[in-house]
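With mmCIF, C-alpha atoms inside, this is coords.cif:
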```cif
data_structure
loop_
_atom_site.label_atom_id
_atom_site.label_comp_id
_atom_site.auth_asym_id
_atom_site.auth_seq_id
_atom_site.Cartn_x
_atom_site.Cartn_y
_atom_site.Cartn_z
CA MET A 1 9.66 19.62 18.71
CA VAL A 2 8.37 19.56 15.14
CA HIS A 3 5.48 21.85 14.32
CA TRP A 4 2.82 20.27 12.13
CA THR A 5 -0.01 22.28 10.56
CA ASP A 6 -3.51 20.80 10.50
CA GLU A 7 -3.20 20.51 6.72
CA GLU A 8 0.03 18.51 7.01
CA ARG A 9 -1.49 16.14 9.60
CA GLN A 10 -4.52 15.69 7.36
CA ALA A 11 -2.38 15.10 4.24
CA ILE A 12 -0.36 12.44 6.02
CA SER A 13 -3.23 10.60 7.69
CA SER A 14 -5.51 10.64 4.64
CA THR A 15 -2.77 9.14 2.46
CA TRP A 16 -1.85 6.62 5.15
CA ALA A 17 -5.45 5.41 5.39
CA GLU A 18 -5.35 4.41 1.73
CA ILE A 19 -1.92 2.78 1.62
CA ASN A 20 -1.51 -0.93 1.07
CA VAL A 21 1.30 -1.20 3.61
CA GLU A 22 2.72 -4.47 2.33
CA GLU A 23 2.62 -3.44 -1.32
CA VAL A 24 4.08 0.05 -0.91
CA GLY A 25 6.71 -1.21 1.54
CA HIS A 26 7.74 -3.87 -0.95
CA GLN A 27 7.85 -1.38 -3.82
CA ALA A 28 9.92 1.16 -1.91
CA LEU A 29 12.45 -1.36 -0.62
CA ALA A 30 12.71 -3.13 -3.99
CA ARG A 31 13.40 0.20 -5.70
CA VAL A 32 16.18 1.02 -3.23
CA LEU A 33 17.84 -2.34 -3.91
CA VAL A 34 17.56 -1.93 -7.70
CA VAL A 35 18.26 1.80 -8.12
CA TYR A 36 21.05 1.94 -5.51
CA PRO A 37 22.50 -1.56 -5.76
CA TRP A 38 25.20 -0.92 -3.14
CA THR A 39 22.40 -1.05 -0.55
CA GLN A 40 22.25 -4.81 -1.18
CA ARG A 41 25.18 -5.01 1.24
CA TYR A 42 22.72 -4.96 4.16
CA PHE A 43 20.69 -7.90 2.91
CA SER A 44 23.15 -10.75 2.47
CA THR A 45 20.90 -13.03 4.58
CA PHE A 46 17.90 -12.46 2.29
CA GLY A 47 19.00 -14.89 -0.43
CA ASN A 48 19.07 -13.65 -4.01
CA VAL A 49 18.84 -9.85 -4.22
CA SER A 50 21.27 -9.44 -7.11
CA ASN A 51 18.88 -8.38 -9.87
CA ALA A 52 15.49 -6.71 -10.34
CA THR A 53 13.58 -9.94 -11.00
CA ALA A 54 15.06 -11.71 -7.98
CA ILE A 55 14.37 -8.68 -5.79
CA ALA A 56 10.76 -8.40 -6.99
CA GLY A 57 10.07 -12.04 -6.18
CA ASN A 58 12.02 -12.30 -2.93
CA PRO A 59 9.64 -13.00 -0.01
CA LYS A 60 12.13 -11.71 2.59
CA VAL A 61 12.29 -8.36 0.78
CA ARG A 62 8.50 -8.22 0.80
CA ALA A 63 8.32 -9.09 4.50
CA HIS A 64 10.96 -6.53 5.39
CA GLY A 65 9.29 -3.83 3.33
CA LYS A 66 6.12 -4.36 5.34
CA ARG A 67 8.09 -4.20 8.59
CA VAL A 68 9.58 -0.86 7.58
CA LEU A 69 6.19 0.59 6.66
CA ASP A 70 4.63 -0.69 9.90
CA ALA A 71 7.35 1.22 11.75
CA LEU A 72 6.50 4.31 9.71
CA GLY A 73 2.91 3.89 10.90
CA ASP A 74 4.28 4.15 14.42
CA ALA A 75 5.83 7.51 13.62
CA ILE A 76 2.57 8.71 12.08
CA THR A 77 0.69 7.72 15.24
CA HIS A 78 3.19 9.70 17.31
CA LEU A 79 3.78 12.68 15.01
CA ASP A 80 4.45 14.97 17.95
CA ASN A 81 7.24 12.83 19.30
CA VAL A 82 8.92 10.88 16.53
CA LYS A 83 12.38 11.18 18.13
CA ALA A 84 11.35 9.40 21.32
CA THR A 85 9.26 6.84 19.40
CA TYR A 86 12.31 5.93 17.28
CA ALA A 87 15.02 6.05 19.98
CA LYS A 88 15.39 2.27 20.22
CA LEU A 89 15.13 1.80 16.44
CA SER A 90 17.85 4.40 15.97
CA GLN A 91 20.10 2.63 18.43
CA LEU A 92 19.45 -0.68 16.66
CA HIS A 93 20.36 0.73 13.24
CA SER A 94 23.53 2.28 14.64
CA GLU A 95 24.89 -0.31 17.02
CA LYS A 96 23.63 -3.60 15.69
CA LEU A 97 22.77 -3.12 12.01
CA HIS A 98 25.50 -0.52 11.24
CA VAL A 99 23.41 1.15 8.55
CA ASP A 100 24.77 4.37 7.02
CA PRO A 101 22.07 7.01 7.70
CA GLU A 102 22.32 8.07 4.06
CA ASN A 103 20.23 4.98 3.39
CA PHE A 104 17.30 6.45 5.36
CA ARG A 105 17.31 9.32 2.89
CA LEU A 106 17.40 6.95 -0.10
CA LEU A 107 14.49 4.88 1.22
CA GLY A 108 12.57 8.08 1.92
CA GLU A 109 13.04 9.06 -1.73
CA THR A 110 11.88 5.75 -3.14
CA LEU A 111 8.93 5.72 -0.74
CA ILE A 112 7.77 9.09 -2.10
CA ILE A 113 8.17 7.72 -5.62
CA SER A 114 6.21 4.55 -4.74
CA LEU A 115 3.41 6.69 -3.28
CA ALA A 116 3.41 8.79 -6.45
CA ALA A 117 3.12 5.63 -8.57
CA GLN A 118 0.23 4.31 -6.44
CA PHE A 119 -1.78 7.52 -6.09
CA GLY A 120 -1.04 9.39 -9.33
CA ALA A 121 -2.40 12.92 -9.50
CA VAL A 122 -4.15 12.47 -6.12
CA PHE A 123 -0.64 12.76 -4.67
CA THR A 124 -0.78 16.55 -5.09
CA PRO A 125 2.20 18.89 -4.57
CA ASP A 126 1.04 19.89 -1.09
CA ILE A 127 0.50 16.28 -0.03
CA GLN A 128 3.94 15.43 -1.39
CA ALA A 129 5.41 18.35 0.59
CA ALA A 130 3.87 17.03 3.83
CA TRP A 131 5.33 13.58 3.17
CA GLN A 132 8.75 15.01 2.32
CA LYS A 133 8.65 16.74 5.71
CA LEU A 134 7.53 13.55 7.49
CA LEU A 135 10.36 11.54 5.93
CA ALA A 136 12.91 14.23 6.79
CA VAL A 137 11.71 14.05 10.42
CA VAL A 138 11.87 10.24 10.35
CA THR A 139 15.40 10.33 8.88
CA ALA A 140 16.55 12.75 11.57
CA ALA A 141 14.98 10.63 14.35
CA LEU A 142 16.56 7.42 13.03
CA SER A 143 19.94 9.16 12.85
CA LYS A 144 19.72 10.67 16.36
CA GLN A 145 21.33 7.85 18.38
CA TYR A 146 24.36 7.48 16.13
CA TYR A 147 27.69 8.46 17.62
CA MET B 1 28.51 5.23 -13.28
CA PRO B 2 28.17 5.49 -17.08
CA LEU B 3 24.93 4.67 -18.88
CA THR B 4 24.80 1.12 -20.25
CA ASP B 5 23.10 0.36 -23.57
CA ALA B 6 20.16 -1.03 -21.59
CA ASP B 7 19.96 2.22 -19.58
CA LYS B 8 19.96 4.29 -22.79
CA ASN B 9 17.13 2.21 -24.23
CA HIS B 10 15.06 2.60 -21.04
CA VAL B 11 15.63 6.37 -21.09
CA ARG B 12 14.69 6.72 -24.76
CA SER B 13 11.59 4.58 -24.34
CA ILE B 14 10.04 6.44 -21.42
CA TRP B 15 11.18 9.81 -22.75
CA SER B 16 9.38 9.22 -26.04
CA LYS B 17 6.19 9.50 -23.95
CA ALA B 18 7.43 12.25 -21.65
CA SER B 19 8.60 14.64 -24.38
CA GLY B 20 5.05 14.93 -25.70
CA LYS B 21 3.81 16.23 -22.34
CA ALA B 22 6.71 18.60 -21.77
CA GLU B 23 4.74 21.54 -20.39
CA GLU B 24 2.58 19.54 -17.98
CA LEU B 25 5.42 17.38 -16.65
CA GLY B 26 7.77 20.34 -16.38
CA ALA B 27 5.26 22.50 -14.52
CA GLN B 28 4.49 19.66 -12.10
CA ALA B 29 8.16 18.89 -11.40
CA LEU B 30 9.03 22.55 -10.90
CA ALA B 31 5.99 23.33 -8.72
CA ARG B 32 6.60 20.28 -6.55
CA MET B 33 10.22 21.29 -6.06
CA LEU B 34 9.25 24.83 -5.08
CA GLU B 35 6.60 23.62 -2.64
CA ALA B 36 8.44 20.76 -0.93
CA PHE B 37 11.92 22.35 -0.89
CA PRO B 38 11.42 26.04 -0.03
CA ASN B 39 15.15 26.85 -0.33
CA THR B 40 14.67 26.56 -4.10
CA LYS B 41 12.21 29.47 -4.08
CA THR B 42 15.16 31.81 -3.62
CA TYR B 43 15.91 31.45 -7.34
CA PHE B 44 12.39 32.47 -8.36
CA SER B 45 11.79 35.64 -6.38
CA HIS B 46 10.78 37.30 -9.66
CA TYR B 47 7.81 34.94 -10.13
CA SER B 48 4.43 36.17 -8.91
CA ASP B 49 2.97 32.67 -8.62
CA LEU B 50 4.96 29.56 -7.78
CA SER B 51 2.08 27.10 -7.91
CA VAL B 52 1.41 24.47 -10.56
CA LYS B 53 -1.25 26.84 -11.99
CA SER B 54 1.28 29.58 -12.68
CA GLY B 55 1.87 30.56 -16.29
CA GLN B 56 5.50 31.36 -15.48
CA VAL B 57 5.98 27.91 -13.92
CA HIS B 58 4.46 26.31 -17.03
CA VAL B 59 6.73 28.20 -19.43
CA HIS B 60 9.82 27.43 -17.41
CA GLY B 61 8.84 23.80 -16.76
CA LYS B 62 8.48 23.21 -20.50
CA LYS B 63 11.94 24.70 -21.09
CA ILE B 64 13.44 22.26 -18.61
CA ILE B 65 11.82 19.15 -20.13
CA ASP B 66 12.71 20.32 -23.67
CA ALA B 67 16.35 20.68 -22.58
CA LEU B 68 16.26 17.15 -21.19
CA THR B 69 14.79 15.91 -24.47
CA ASP B 70 17.80 17.47 -26.16
CA ALA B 71 20.07 15.56 -23.80
CA VAL B 72 18.21 12.30 -24.56
CA ASN B 73 18.65 12.96 -28.29
CA HIS B 74 22.39 13.40 -27.69
CA ILE B 75 22.68 10.76 -25.02
CA ASP B 76 26.18 9.81 -26.15
CA ASP B 77 27.41 13.36 -25.66
CA ILE B 78 25.44 14.88 -22.80
CA THR B 79 28.36 17.17 -21.90
CA GLY B 80 28.32 18.66 -25.40
CA ALA B 81 24.54 18.97 -25.46
CA MET B 82 24.51 20.78 -22.07
CA SER B 83 27.51 23.01 -22.74
CA ALA B 84 25.66 26.28 -23.40
CA LEU B 85 23.22 25.64 -20.55
CA SER B 86 26.14 24.91 -18.24
CA THR B 87 27.71 28.27 -19.07
CA LYS B 88 24.37 29.96 -18.37
CA HIS B 89 23.88 28.22 -15.02
CA ALA B 90 27.47 28.83 -13.98
CA HIS B 91 27.86 32.47 -14.85
CA THR B 92 24.40 34.00 -15.14
CA LEU B 93 21.96 31.99 -13.04
CA ARG B 94 24.48 30.71 -10.49
CA VAL B 95 22.15 28.06 -9.12
CA ASP B 96 23.85 25.98 -6.43
CA PRO B 97 24.43 22.58 -8.09
CA ALA B 98 23.03 20.80 -5.01
CA ASN B 99 19.62 21.83 -6.32
CA PHE B 100 20.02 19.76 -9.50
CA LYS B 101 19.54 16.69 -7.32
CA THR B 102 16.36 18.16 -5.83
CA LEU B 103 14.80 18.85 -9.22
CA SER B 104 15.93 15.42 -10.45
CA HIS B 105 13.97 13.91 -7.55
CA THR B 106 10.74 15.73 -8.40
CA ILE B 107 11.16 14.77 -12.07
CA LEU B 108 11.29 11.12 -10.96
CA VAL B 109 8.14 11.67 -8.86
CA VAL B 110 6.32 13.16 -11.85
CA LEU B 111 7.36 10.29 -14.14
CA ALA B 112 6.00 7.86 -11.52
CA ILE B 113 2.70 9.77 -11.41
CA TYR B 114 2.19 10.00 -15.17
CA PHE B 115 3.69 6.70 -16.32
CA PRO B 116 3.30 4.27 -13.39
CA ALA B 117 3.35 1.14 -15.56
CA ASP B 118 6.41 2.27 -17.56
CA PHE B 119 8.36 3.58 -14.59
CA THR B 120 9.61 0.20 -13.43
CA PRO B 121 12.57 -0.05 -11.01
CA GLU B 122 14.94 -0.64 -13.98
CA VAL B 123 13.64 2.41 -15.82
CA HIS B 124 13.83 4.40 -12.56
CA LEU B 125 17.49 3.35 -12.24
CA ALA B 126 18.26 4.38 -15.84
CA ILE B 127 16.58 7.79 -15.52
CA ASP B 128 18.25 8.40 -12.14
CA LYS B 129 21.65 7.75 -13.75
CA PHE B 130 20.74 9.89 -16.77
CA LEU B 131 19.68 12.83 -14.58
CA ALA B 132 22.88 12.48 -12.56
CA GLU B 133 24.88 12.73 -15.77
CA VAL B 134 22.89 15.77 -16.90
CA SER B 135 23.42 17.39 -13.47
CA TYR B 136 27.15 16.75 -13.69
CA ALA B 137 27.28 18.21 -17.21
CA LEU B 138 25.32 21.27 -16.04
CA ALA B 139 27.87 21.89 -13.30
CA GLU B 140 30.91 21.46 -15.60
CA LYS B 141 31.57 25.17 -16.15
CA TYR B 142 31.09 26.27 -12.54
CA ARG B 143 34.74 26.38 -11.51
#
```

In structure tokens, what does this structure look like?
Amino acid sequence: MVHWTDEERQAISSTWAEINVEEVGHQALARVLVVYPWTQRYFSTFGNVSNATAIAGNPKVRAHGKRVLDALGDAITHLDNVKATYAKLSQLHSEKLHVDPENFRLLGETLIISLAAQFGAVFTPDIQAAWQKLLAVVTAALSKQYY
Amino acid sequence: MPLTDADKNHVRSIWSKASGKAEELGAQALARMLEAFPNTKTYFSHYSDLSVKSGQVHVHGKKIIDALTDAVNHIDDITGAMSALSTKHAHTLRVDPANFKTLSHTILVVLAIYFPADFTPEVHLAIDKFLAEVSYALAEKYR
């Protein structure tokens, strides 16, 4: 079980309260598709995701970004049991979606960067550290059901 | 994944703003790395303060950004520009090259904080590629 300090819980929940879930989700996913273009392989049904402009304007990317962030909200609500909360999602990503778990790490990185862009200096080093830990836990939970 | 001409222009453009804030950006990137990735603290056991307020972190952070500015100014020969630093990292400092990726990440975070409007996805891509090339050049002399 992951041990969370009170400060870490506070850092995560206070940031989460201020996040525009749709906007940040869109930003993070769009950055993954632009910065690591090989990730576009998972989105062939989304229409045009071949360049930055297309990605930025693509409504399916926006919708999916929001879906991803909503799922992150789930993890935040169940911080003491992320593994169990994500068991089905992990299975889905492994058996149906066939997503390389490395991609969870990449999305985690661009999410941190999107938060930094939204919050600026308010996203202090210790708040960033709490979020890095959260995303590492999320990545591990999403990878758990792979075999 | 070599840098395209468009990449080089993106790097030069955002770095023209970053180079003027070398100490602040460097201190932030370094402090964030030390706080979020505690394994990196093992290379700074001689520092009395690892926070963003630390004088030592400020001095060292500035050095890092200044070295990157050098690489930007020699963007067509990053290997050459990093040669002496590579020797230093390989033989004296012996920092595990895996950590170059970690510091690259916190540099990206800091650029997003300080230049949110300039740090578009395309600029992010260009800087990510640039930092990967710098990291590779830094590791050249290791073995």

Apply the PyMOL selection byres ((chain B) within 12 of (chain A)) to the file shown and report the selected residues as an MDAnalysis selection string.
-> chainID B and resid 1 7 24:25 27:38 50:53 101:102 104:129

Pick from B:Ser86, B:Gln56, B:Thr40, B:Thr79 nearest to Gly26 of chain B, counting all atoms listed in the file =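 Distance minimum relative to Gly26 of chain B lands on B:Gln56.
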
Take atom CA of Leu135 of chain A and atom CA of Gly108 of chain A and report the distance between them in Å, one decimal.
->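 Straight-line distance from atom CA of Leu135 of chain A to atom CA of Gly108 of chain A works out to 5.7 Å.
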
Any idea what the distance is between atom CA of Glu22 of chain A and atom CA of Lys96 of chain A?
->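 Value for the atom CA of Glu22 of chain A-atom CA of Lys96 of chain A distance: 24.8 Å.
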
Residues at most 10 Å from Ile75 of chain B, counting only C-alpha atoms, excluding those fewer than 4 positions away in the same chain, as a PyMOL selection string?
-> chain B and resi 3+8+11-12+68-71+79-81+130+133-134

Given the PyMOL selection byres ((chain B and resi 142) around 8), the residues it picks as a ChimeraX atom specification | /B:86-87,89-91,139-141,143

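For the atom pair formed by atom CA of Ala98 of chain B and atom CA of Ala137 of chain B, the distance is 13.2 Å, given to one decimal.
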
Spell out the residues picked by the PyMOL selection byres ((chain A and resi 9) around 10) here, as a ChimeraX atom specification.
-> /A:4-8,10-14,76,79,127,130-131,134

Who sits within 9 Å of His98 of chain A, only C-alpha atoms, same chain under 5 positions skipped, as JSON, numbers by chain | {"A": [42, 92, 93]}

Please put the answer as AutoDock Vina command-line options: centre and edge lengths, in Å with one decimal, of a box along x, y and z that encloses all listed atoms of segment 4-19 of chain A plus 8 Å on each side.
```
--center_x -1.3 --center_y 12.5 --center_z 6.9 --size_x 24.3 --size_y 35.5 --size_z 26.5
```

Find the residues near segment 80-83 of chain A: any atom within 12 Å, counting only C-alpha atoms, skip ones fewer than 2 places away on the same chain, and give them as a PyMOL selection string.
-> chain A and resi 1-5+9+71-78+85-91+134-145
